[in-house]
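Comments concern the structure below.
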Amino acid sequence: MSEHASPMASPAGLSGLRRNFDPGDPGFHADPQAYYRALLAGPPVQVEMGTLSTVVSRYGDALQVLRDPKRFSSVIPLQPGTERFHMFGDVKNPLWTDPPEHTRFRRLTASSFAPRKMAALEPRVRAMTGKLLGRIDGGREFDLVAEFSKRLPLYFITDLLGVPESDFDTLVPLVEFSFVLNQLKPGAPLPADFLEYGARIRAYFGGLMDQRRRRPGDDLISNAVAAHDVEGKISDDELFSLVMVTVLGAVPTTADMISAAVYHLLTNPAQLAMVRRDPALAAGAVEEALRLDPPVHTTIRFSTQECEVGGVRVAARSPVYVIMGAANRDPAHFPDPDRCEITRNPNDHLSFGEGIHFCIGAAPARIQGRLAVTMLLEHFPRLRLADPHWRPVFKGSTMARGLNALPLRAD
Ligand code: HEM
């Protein structure tokens with residue numbers, strides 16, 4: 001791949017894509033950026049996606065929606081096209097609530113993500129990364145996604161939740177399912193084995209929550225249980241849902257971020273050479289990968305009243321999709337937006353969201369990304385694509401997207 005991340009589509013093609021914006025189109029999945037460029041060329045579009053929905057892509061318009069939870073609610077009613085936002089039934093979680101419920105959820109997790117905790121994480125993440133790298137045989141072709149990117153965030157999250165290492169295997173299928181979930185089409189039923197496993201994982205976390213009540217530790221479950229028991233404001237269902245959102249929100253996203261960062265570096269030799277010379281630039285490489293290929297491309301809000309975004313009238317009580325994947329390449333905000341530039345400053349991408357729902361896991365994800373890139377390059381001085389002509393295949397949906405595999409060699 002060149003220093004430019006993707007080719008430009010022709011202007012005539014662009015206007016067609018804009019008019020017919022269709023996230024179900026296989027062409028969209030193959031190259032969403034062509035659609036995004038079309039969307040970025042004008043004000044928000046309104047399309048039928050189960051329900052007539054507004055699609056917001058320009059950076060300024062995205063900020064307007066994400067910063068205004070009063071007009072753009074995170075409580076998404078169940079209606080055609082919004083089924084996937086109801087995977088926990090009516091049980092609440094921070095993502096899909098508004099204040100004051102949302103504020104209560106954030107308070108429950110605040111102590112687990114306090115700056116002092118985050119700083120203390122670094123040696124742990126370093127040790128986990130070292131352990132995983134030590135297991136990779138660089139003398140043969142290996143898939144970074146399977147052997148490293150998916151594993152590091154799983155180790156990390158089990159640690160954060162206080163899941164004992166001996167129970168680690170219990171969570172592996174959860175991560176695999178989270179990748180399956182991300183690929184489900186809107187309205188598709190959940191796979192039967194997912195439901196069966198869901199019951200088992202529910203029982204497992206129920207037991208862990210009981211244990212933590214009897215013998216609290218310094219993990220996310222103990223902290224949330226303590227806040228729960230003191231404040232008496234969160235139900236067991238909500239606590240379980242919080243744990244699930246944390247696991248499902250943390251693992252596939254962080255895995256996709258790590259794979260994208262490594263992919264962009266290995267396909268942009270000048271940028272790779274810069275990081276090899278100055279490992280402190282690894283943090284910038286992670287930010288640029290997050291901007292170019294965000295693990296979460298799109299989020300949804302629901303208008304509480306008739307309002308206006310980017311000059312377009314939005315009807316009351318209608319879905320509003322915010323495409324961070326497009327806003328991150330808005331030429332009005334990011335000069336030369338398709339170019340991979342690890343020293344880009346500022347790099348205020350929207351990949352962790354914005355406003356009150358800004359990702360609670362951004363700090364640990366960034367620590368993992370930076371250490372993963374630095375230590376991988378250090379451990380494998382000859383790291384490269386196994387096949388220089390290899391083309392990436394993406395898994396996921398319009399909402400979440402990441403590399404399916406990343407075959408590498410290091411010999
Ligand atoms: C590269 C990795 C990650 C990315 C790209 C990412 C992305 C996002 C985005 C875009 C949102 C906001 C969604 C919205 O406004 O609708 C969000 C929220 C959230 N993220 Fe992350 N995330 C990542 C890692 C993590 C990690 C490591 C954790 C937990 C340890 C986590 C837990 C959450 C939770 C609980 C929320 C809901 C926050 C709220 O609604 O107030 N995420 N994430």
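Chains: A, B, ... in order of the structure tokens. Residues: from 1 per chain. Ligands: from 1, in order shown.
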Can you list, as an mmCIF file with C-alpha atoms, in the first residue's frame, every protein, DNA or RNA residue that comes within 12 Å of Val65 in chain A when you count only C-alpha atoms, leaving out same-chain residues fewer than 5 positions away?
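Listing of result_38.cif after writing:
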```
data_model
loop_
_atom_site.group_PDB
_atom_site.id
_atom_site.type_symbol
_atom_site.label_atom_id
_atom_site.label_comp_id
_atom_site.auth_asym_id
_atom_site.auth_seq_id
_atom_site.Cartn_x
_atom_site.Cartn_y
_atom_site.Cartn_z
ATOM 1 C CA PRO A 44 -26.365 15.208 6.044
ATOM 2 C CA THR A 54 -30.425 11.068 9.096
ATOM 3 C CA VAL A 55 -26.798 10.226 8.297
ATOM 4 C CA VAL A 56 -24.277 12.721 9.676
ATOM 5 C CA SER A 57 -20.715 12.553 8.414
ATOM 6 C CA ARG A 58 -19.029 15.996 8.465
ATOM 7 C CA TYR A 59 -16.794 16.612 11.484
ATOM 8 C CA GLY A 60 -18.631 19.730 12.722
ATOM 9 C CA LYS A 70 -30.712 16.584 25.204
ATOM 10 C CA ARG A 71 -31.669 16.761 21.533
ATOM 11 C CA PHE A 72 -29.893 13.560 20.508
ATOM 12 C CA SER A 73 -30.681 10.832 23.000
ATOM 13 C CA SER A 74 -28.832 7.536 23.473
ATOM 14 C CA THR A 299 -22.883 5.268 16.389
ATOM 15 C CA ILE A 300 -26.549 6.112 16.733
ATOM 16 C CA ARG A 301 -28.649 8.720 18.506
ATOM 17 C CA PHE A 302 -32.387 9.351 18.515
ATOM 18 C CA SER A 303 -33.779 12.874 18.071
ATOM 19 C CA THR A 304 -35.978 13.950 21.000
ATOM 20 C CA CYS A 307 -34.172 20.069 15.067
ATOM 21 C CA GLU A 308 -31.565 20.933 12.467
ATOM 22 C CA VAL A 309 -28.113 19.514 11.720
ATOM 23 C CA GLY A 310 -25.841 20.925 9.019
ATOM 24 C CA VAL A 314 -34.339 16.294 11.445
ATOM 25 C CA PRO A 319 -32.651 7.785 14.215
ATOM 26 C CA VAL A 320 -29.543 9.865 13.584
ATOM 27 C CA TYR A 321 -26.435 7.932 12.547
ATOM 28 C CA VAL A 322 -23.082 9.597 13.223
ATOM 29 C CA ILE A 323 -20.299 8.212 11.038
ATOM 30 C CA MET A 324 -17.051 8.789 12.891
ATOM 31 C CA GLY A 353 -16.710 9.265 20.551
ATOM 32 C CA GLU A 354 -17.231 12.706 22.051
ATOM 33 C CA GLY A 355 -19.219 14.296 24.855
ATOM 34 C CA ILE A 356 -20.732 12.476 27.820
ATOM 35 C CA HIS A 357 -20.434 9.020 26.225
#
```
Quiz item: Within 8 Å of ligand 1, counting only C-alpha atoms and all ligand atoms: which residues, as a PyMOL selection string?
Solution: chain A and resi 66+74+93-97+102-103+105-106+153+157+160+242+245-258+290+294-301+324+350-366+369
Could the residues in this selection be saved with C-alpha atoms as a PDB file, in the first residue's frame?
```pdb
ATOM      1  CA  LEU A  66     -22.530  13.951  19.998  1.00  0.00           C
ATOM      2  CA  SER A  74     -28.832   7.536  23.473  1.00  0.00           C
ATOM      3  CA  ASN A  93     -26.102  -0.008  30.290  1.00  0.00           C
ATOM      4  CA  PRO A  94     -24.107   3.233  29.989  1.00  0.00           C
ATOM      5  CA  LEU A  95     -24.011   3.273  26.208  1.00  0.00           C
ATOM      6  CA  TRP A  96     -27.746   3.374  25.711  1.00  0.00           C
ATOM      7  CA  THR A  97     -28.868   5.654  28.557  1.00  0.00           C
ATOM      8  CA  HIS A 102     -26.019   7.532  32.447  1.00  0.00           C
ATOM      9  CA  THR A 103     -24.284   9.652  35.121  1.00  0.00           C
ATOM     10  CA  PHE A 105     -23.282   4.304  35.444  1.00  0.00           C
ATOM     11  CA  ARG A 106     -20.261   6.519  34.859  1.00  0.00           C
ATOM     12  CA  PRO A 153      -7.084  -6.987  25.272  1.00  0.00           C
ATOM     13  CA  ILE A 157      -9.891  -7.058  30.539  1.00  0.00           C
ATOM     14  CA  LEU A 160      -9.361  -5.436  35.111  1.00  0.00           C
ATOM     15  CA  LEU A 242     -22.143  -3.175  32.592  1.00  0.00           C
ATOM     16  CA  VAL A 245     -20.578  -3.809  27.706  1.00  0.00           C
ATOM     17  CA  THR A 246     -17.107  -3.446  29.151  1.00  0.00           C
ATOM     18  CA  VAL A 247     -15.931  -6.802  27.764  1.00  0.00           C
ATOM     19  CA  LEU A 248     -17.678  -6.500  24.393  1.00  0.00           C
ATOM     20  CA  GLY A 249     -16.752  -2.813  24.114  1.00  0.00           C
ATOM     21  CA  ALA A 250     -13.131  -3.403  25.037  1.00  0.00           C
ATOM     22  CA  VAL A 251     -11.851  -6.528  23.337  1.00  0.00           C
ATOM     23  CA  PRO A 252     -12.782  -6.398  19.629  1.00  0.00           C
ATOM     24  CA  THR A 253     -12.165  -2.637  19.468  1.00  0.00           C
ATOM     25  CA  THR A 254      -8.719  -2.751  21.051  1.00  0.00           C
ATOM     26  CA  ALA A 255      -7.816  -5.792  18.920  1.00  0.00           C
ATOM     27  CA  ASP A 256      -8.850  -3.930  15.749  1.00  0.00           C
ATOM     28  CA  MET A 257      -6.899  -0.835  16.807  1.00  0.00           C
ATOM     29  CA  ILE A 258      -3.680  -2.837  17.355  1.00  0.00           C
ATOM     30  CA  LEU A 290      -7.551   5.089  14.986  1.00  0.00           C
ATOM     31  CA  PRO A 294     -11.661   3.408  13.556  1.00  0.00           C
ATOM     32  CA  PRO A 295     -12.805   0.161  15.194  1.00  0.00           C
ATOM     33  CA  VAL A 296     -16.207   1.825  15.724  1.00  0.00           C
ATOM     34  CA  HIS A 297     -17.222   3.518  12.465  1.00  0.00           C
ATOM     35  CA  THR A 298     -20.721   4.611  13.384  1.00  0.00           C
ATOM     36  CA  THR A 299     -22.883   5.268  16.389  1.00  0.00           C
ATOM     37  CA  ILE A 300     -26.549   6.112  16.733  1.00  0.00           C
ATOM     38  CA  ARG A 301     -28.649   8.720  18.506  1.00  0.00           C
ATOM     39  CA  MET A 324     -17.051   8.789  12.891  1.00  0.00           C
ATOM     40  CA  LEU A 350     -13.708  10.965  16.951  1.00  0.00           C
ATOM     41  CA  SER A 351     -12.842   7.273  17.230  1.00  0.00           C
ATOM     42  CA  PHE A 352     -13.545   7.192  20.984  1.00  0.00           C
ATOM     43  CA  GLY A 353     -16.710   9.265  20.551  1.00  0.00           C
ATOM     44  CA  GLU A 354     -17.231  12.706  22.051  1.00  0.00           C
ATOM     45  CA  GLY A 355     -19.219  14.296  24.855  1.00  0.00           C
ATOM     46  CA  ILE A 356     -20.732  12.476  27.820  1.00  0.00           C
ATOM     47  CA  HIS A 357     -20.434   9.020  26.225  1.00  0.00           C
ATOM     48  CA  PHE A 358     -16.721   9.441  25.447  1.00  0.00           C
ATOM     49  CA  CYS A 359     -15.207   5.962  25.776  1.00  0.00           C
ATOM     50  CA  ILE A 360     -14.352   5.073  29.382  1.00  0.00           C
ATOM     51  CA  GLY A 361     -11.653   2.715  28.092  1.00  0.00           C
ATOM     52  CA  ALA A 362      -9.768   5.173  25.889  1.00  0.00           C
ATOM     53  CA  ALA A 363      -6.805   5.456  28.295  1.00  0.00           C
ATOM     54  CA  PRO A 364      -6.214   1.690  28.736  1.00  0.00           C
ATOM     55  CA  ALA A 365      -6.776   1.117  24.996  1.00  0.00           C
ATOM     56  CA  ARG A 366      -4.124   3.728  24.210  1.00  0.00           C
ATOM     57  CA  GLY A 369      -1.799   0.178  21.550  1.00  0.00           C
TER      58      GLY A 369
END
```
Practice problem: Enumerate, as number ranges by chain, the complete set of residues in range 154-366 of chain A that a backbone-based DSSP assignment places in alpha helix (DSSP H). | Solution: A: 154-161, 168-183, 192-214, 220-231, 236-266, 269-277, 282-292, 324-327, 362-366
May I have the residues from that selection written out with C-alpha atoms, as a compact mmCIF listing (two decimals), in the first residue's frame?
```
# COMPACT_ATOMS: atom_id res chain seq x y z
CA LEU A 154 -8.61 -10.22 26.54
CA TYR A 155 -5.78 -10.64 29.07
CA PHE A 156 -6.15 -7.00 29.99
CA ILE A 157 -9.89 -7.06 30.54
CA THR A 158 -9.86 -10.27 32.58
CA ASP A 159 -7.26 -8.59 34.77
CA LEU A 160 -9.36 -5.44 35.11
CA LEU A 161 -12.45 -7.48 36.01
CA PHE A 168 -9.41 -17.33 31.39
CA ASP A 169 -10.72 -19.98 28.96
CA THR A 170 -14.29 -19.24 30.06
CA LEU A 171 -14.04 -15.84 28.42
CA VAL A 172 -12.38 -16.84 25.14
CA PRO A 173 -15.69 -17.82 23.45
CA LEU A 174 -17.20 -14.52 24.58
CA VAL A 175 -14.62 -12.69 22.53
CA GLU A 176 -15.19 -14.93 19.51
CA PHE A 177 -18.93 -14.26 19.82
CA SER A 178 -18.34 -10.55 20.06
CA PHE A 179 -16.69 -10.73 16.64
CA VAL A 180 -19.69 -12.74 15.32
CA LEU A 181 -22.11 -10.20 16.82
CA ASN A 182 -20.38 -7.36 15.03
CA GLN A 183 -21.07 -9.07 11.72
CA ALA A 192 -28.50 -20.39 19.12
CA ASP A 193 -25.07 -21.23 20.54
CA PHE A 194 -24.68 -17.57 21.50
CA LEU A 195 -27.85 -17.72 23.58
CA GLU A 196 -26.72 -20.94 25.26
CA TYR A 197 -23.28 -19.52 26.01
CA GLY A 198 -24.94 -16.27 27.18
CA ALA A 199 -26.72 -18.23 29.94
CA ARG A 200 -23.44 -19.84 31.01
CA ILE A 201 -21.53 -16.57 31.08
CA ARG A 202 -24.36 -14.95 33.00
CA ALA A 203 -24.09 -17.70 35.66
CA TYR A 204 -20.31 -17.33 35.72
CA PHE A 205 -20.38 -13.57 36.33
CA GLY A 206 -23.24 -13.98 38.83
CA GLY A 207 -20.93 -16.25 40.86
CA LEU A 208 -18.02 -13.85 40.52
CA MET A 209 -20.18 -10.93 41.65
CA ASP A 210 -21.23 -12.92 44.75
CA GLN A 211 -17.62 -13.78 45.50
CA ARG A 212 -16.58 -10.13 45.23
CA ARG A 213 -19.34 -9.12 47.60
CA ARG A 214 -17.98 -11.55 50.20
CA LEU A 220 -13.94 -3.30 38.35
CA ILE A 221 -16.50 -5.82 39.64
CA SER A 222 -15.62 -5.18 43.31
CA ASN A 223 -15.70 -1.41 42.77
CA ALA A 224 -19.03 -1.56 40.96
CA VAL A 225 -20.47 -4.00 43.54
CA ALA A 226 -19.35 -1.67 46.36
CA ALA A 227 -20.92 1.35 44.67
CA HIS A 228 -23.99 -0.77 43.91
CA ASP A 229 -24.39 -1.98 47.49
CA VAL A 230 -23.71 1.44 49.04
CA GLU A 231 -25.87 3.44 46.65
CA ASP A 236 -27.90 -7.17 39.31
CA ASP A 237 -29.09 -7.15 35.69
CA GLU A 238 -27.57 -3.73 35.17
CA LEU A 239 -24.33 -4.78 36.82
CA PHE A 240 -24.12 -7.78 34.51
CA SER A 241 -24.89 -5.60 31.52
CA LEU A 242 -22.14 -3.17 32.59
CA VAL A 243 -19.64 -6.05 32.70
CA MET A 244 -20.79 -7.26 29.27
CA VAL A 245 -20.58 -3.81 27.71
CA THR A 246 -17.11 -3.45 29.15
CA VAL A 247 -15.93 -6.80 27.76
CA LEU A 248 -17.68 -6.50 24.39
CA GLY A 249 -16.75 -2.81 24.11
CA ALA A 250 -13.13 -3.40 25.04
CA VAL A 251 -11.85 -6.53 23.34
CA PRO A 252 -12.78 -6.40 19.63
CA THR A 253 -12.16 -2.64 19.47
CA THR A 254 -8.72 -2.75 21.05
CA ALA A 255 -7.82 -5.79 18.92
CA ASP A 256 -8.85 -3.93 15.75
CA MET A 257 -6.90 -0.83 16.81
CA ILE A 258 -3.68 -2.84 17.35
CA SER A 259 -4.00 -4.67 14.02
CA ALA A 260 -4.74 -1.42 12.14
CA ALA A 261 -1.77 0.37 13.72
CA VAL A 262 0.62 -2.44 12.73
CA TYR A 263 -0.90 -2.70 9.24
CA HIS A 264 -0.59 1.03 8.53
CA LEU A 265 3.01 1.09 9.70
CA LEU A 266 4.05 -1.96 7.70
CA PRO A 269 7.71 2.33 5.15
CA ALA A 270 8.73 5.96 5.78
CA GLN A 271 6.44 6.16 8.84
CA LEU A 272 7.66 2.77 10.05
CA ALA A 273 11.27 3.95 9.82
CA MET A 274 10.36 6.99 11.93
CA VAL A 275 8.91 4.82 14.71
CA ARG A 276 11.89 2.47 14.58
CA ARG A 277 14.19 5.49 15.01
CA ALA A 282 4.33 4.73 18.49
CA ALA A 283 1.59 6.68 20.32
CA GLY A 284 1.10 8.89 17.23
CA ALA A 285 1.00 5.80 15.00
CA VAL A 286 -1.82 4.38 17.12
CA GLU A 287 -3.77 7.68 16.95
CA GLU A 288 -3.37 7.86 13.18
CA ALA A 289 -4.57 4.26 12.76
CA LEU A 290 -7.55 5.09 14.99
CA ARG A 291 -8.34 8.05 12.74
CA LEU A 292 -7.92 6.21 9.44
CA MET A 324 -17.05 8.79 12.89
CA GLY A 325 -15.24 6.85 10.13
CA ALA A 326 -16.23 9.63 7.71
CA ALA A 327 -15.79 12.59 10.10
CA ALA A 362 -9.77 5.17 25.89
CA ALA A 363 -6.81 5.46 28.29
CA PRO A 364 -6.21 1.69 28.74
CA ALA A 365 -6.78 1.12 25.00
CA ARG A 366 -4.12 3.73 24.21
```
Exercise. Tell me which protein, DNA and RNA residues are within 10 Å of range 382-395 of chain A, counting only C-alpha atoms, leaving out same-chain ones fewer than 5 positions away, and put them as JSON, numbers by chain.
Key: {"A": [1, 29, 30, 31, 138, 140, 141, 142, 143, 179, 180, 182, 183, 256, 262, 263, 265, 266, 267, 376, 377, 400, 401, 402, 403, 404, 405, 406, 407, 408, 409, 410, 411]}
How about saving the chosen residues, C-alpha atoms kept, as an mmCIF file, in the first residue's frame?
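Written output follows (selection_37.cif):
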```
data_model
loop_
_atom_site.group_PDB
_atom_site.id
_atom_site.type_symbol
_atom_site.label_atom_id
_atom_site.label_comp_id
_atom_site.auth_asym_id
_atom_site.auth_seq_id
_atom_site.Cartn_x
_atom_site.Cartn_y
_atom_site.Cartn_z
ATOM 1 C CA MET A 1 0.000 0.000 0.000
ATOM 2 C CA HIS A 29 -18.291 -3.102 3.072
ATOM 3 C CA ALA A 30 -15.380 -3.441 0.623
ATOM 4 C CA ASP A 31 -14.607 0.298 0.675
ATOM 5 C CA GLY A 138 8.662 -15.434 14.243
ATOM 6 C CA ARG A 140 7.220 -18.907 10.335
ATOM 7 C CA GLU A 141 4.248 -16.984 8.976
ATOM 8 C CA PHE A 142 1.855 -16.006 11.759
ATOM 9 C CA ASP A 143 -1.471 -14.185 12.009
ATOM 10 C CA PHE A 179 -16.691 -10.726 16.637
ATOM 11 C CA VAL A 180 -19.688 -12.743 15.324
ATOM 12 C CA ASN A 182 -20.379 -7.356 15.025
ATOM 13 C CA GLN A 183 -21.069 -9.072 11.722
ATOM 14 C CA ASP A 256 -8.850 -3.930 15.749
ATOM 15 C CA VAL A 262 0.624 -2.435 12.729
ATOM 16 C CA TYR A 263 -0.898 -2.698 9.240
ATOM 17 C CA LEU A 265 3.014 1.095 9.700
ATOM 18 C CA LEU A 266 4.052 -1.961 7.701
ATOM 19 C CA THR A 267 2.487 -0.515 4.553
ATOM 20 C CA LEU A 376 6.360 -5.753 18.611
ATOM 21 C CA LEU A 377 8.845 -3.666 16.613
ATOM 22 C CA ALA A 400 -17.699 -1.866 13.844
ATOM 23 C CA ARG A 401 -14.928 -2.801 11.468
ATOM 24 C CA GLY A 402 -11.474 -4.309 11.681
ATOM 25 C CA LEU A 403 -8.923 -6.569 10.015
ATOM 26 C CA ASN A 404 -9.953 -10.194 9.770
ATOM 27 C CA ALA A 405 -6.361 -11.402 9.746
ATOM 28 C CA LEU A 406 -2.875 -9.935 9.369
ATOM 29 C CA PRO A 407 -0.392 -12.540 8.098
ATOM 30 C CA LEU A 408 3.154 -11.514 8.990
ATOM 31 C CA ARG A 409 6.709 -12.821 8.971
ATOM 32 C CA ALA A 410 9.593 -11.777 11.149
ATOM 33 C CA ASP A 411 12.494 -14.062 10.082
#
```
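CA of Asp98 in chain A is found 14.9 Å from CA of Arg317 in chain A.
Straight-line separation from CA of Val75 in chain A to CA of Ala316 in chain A: 13.7 Å.
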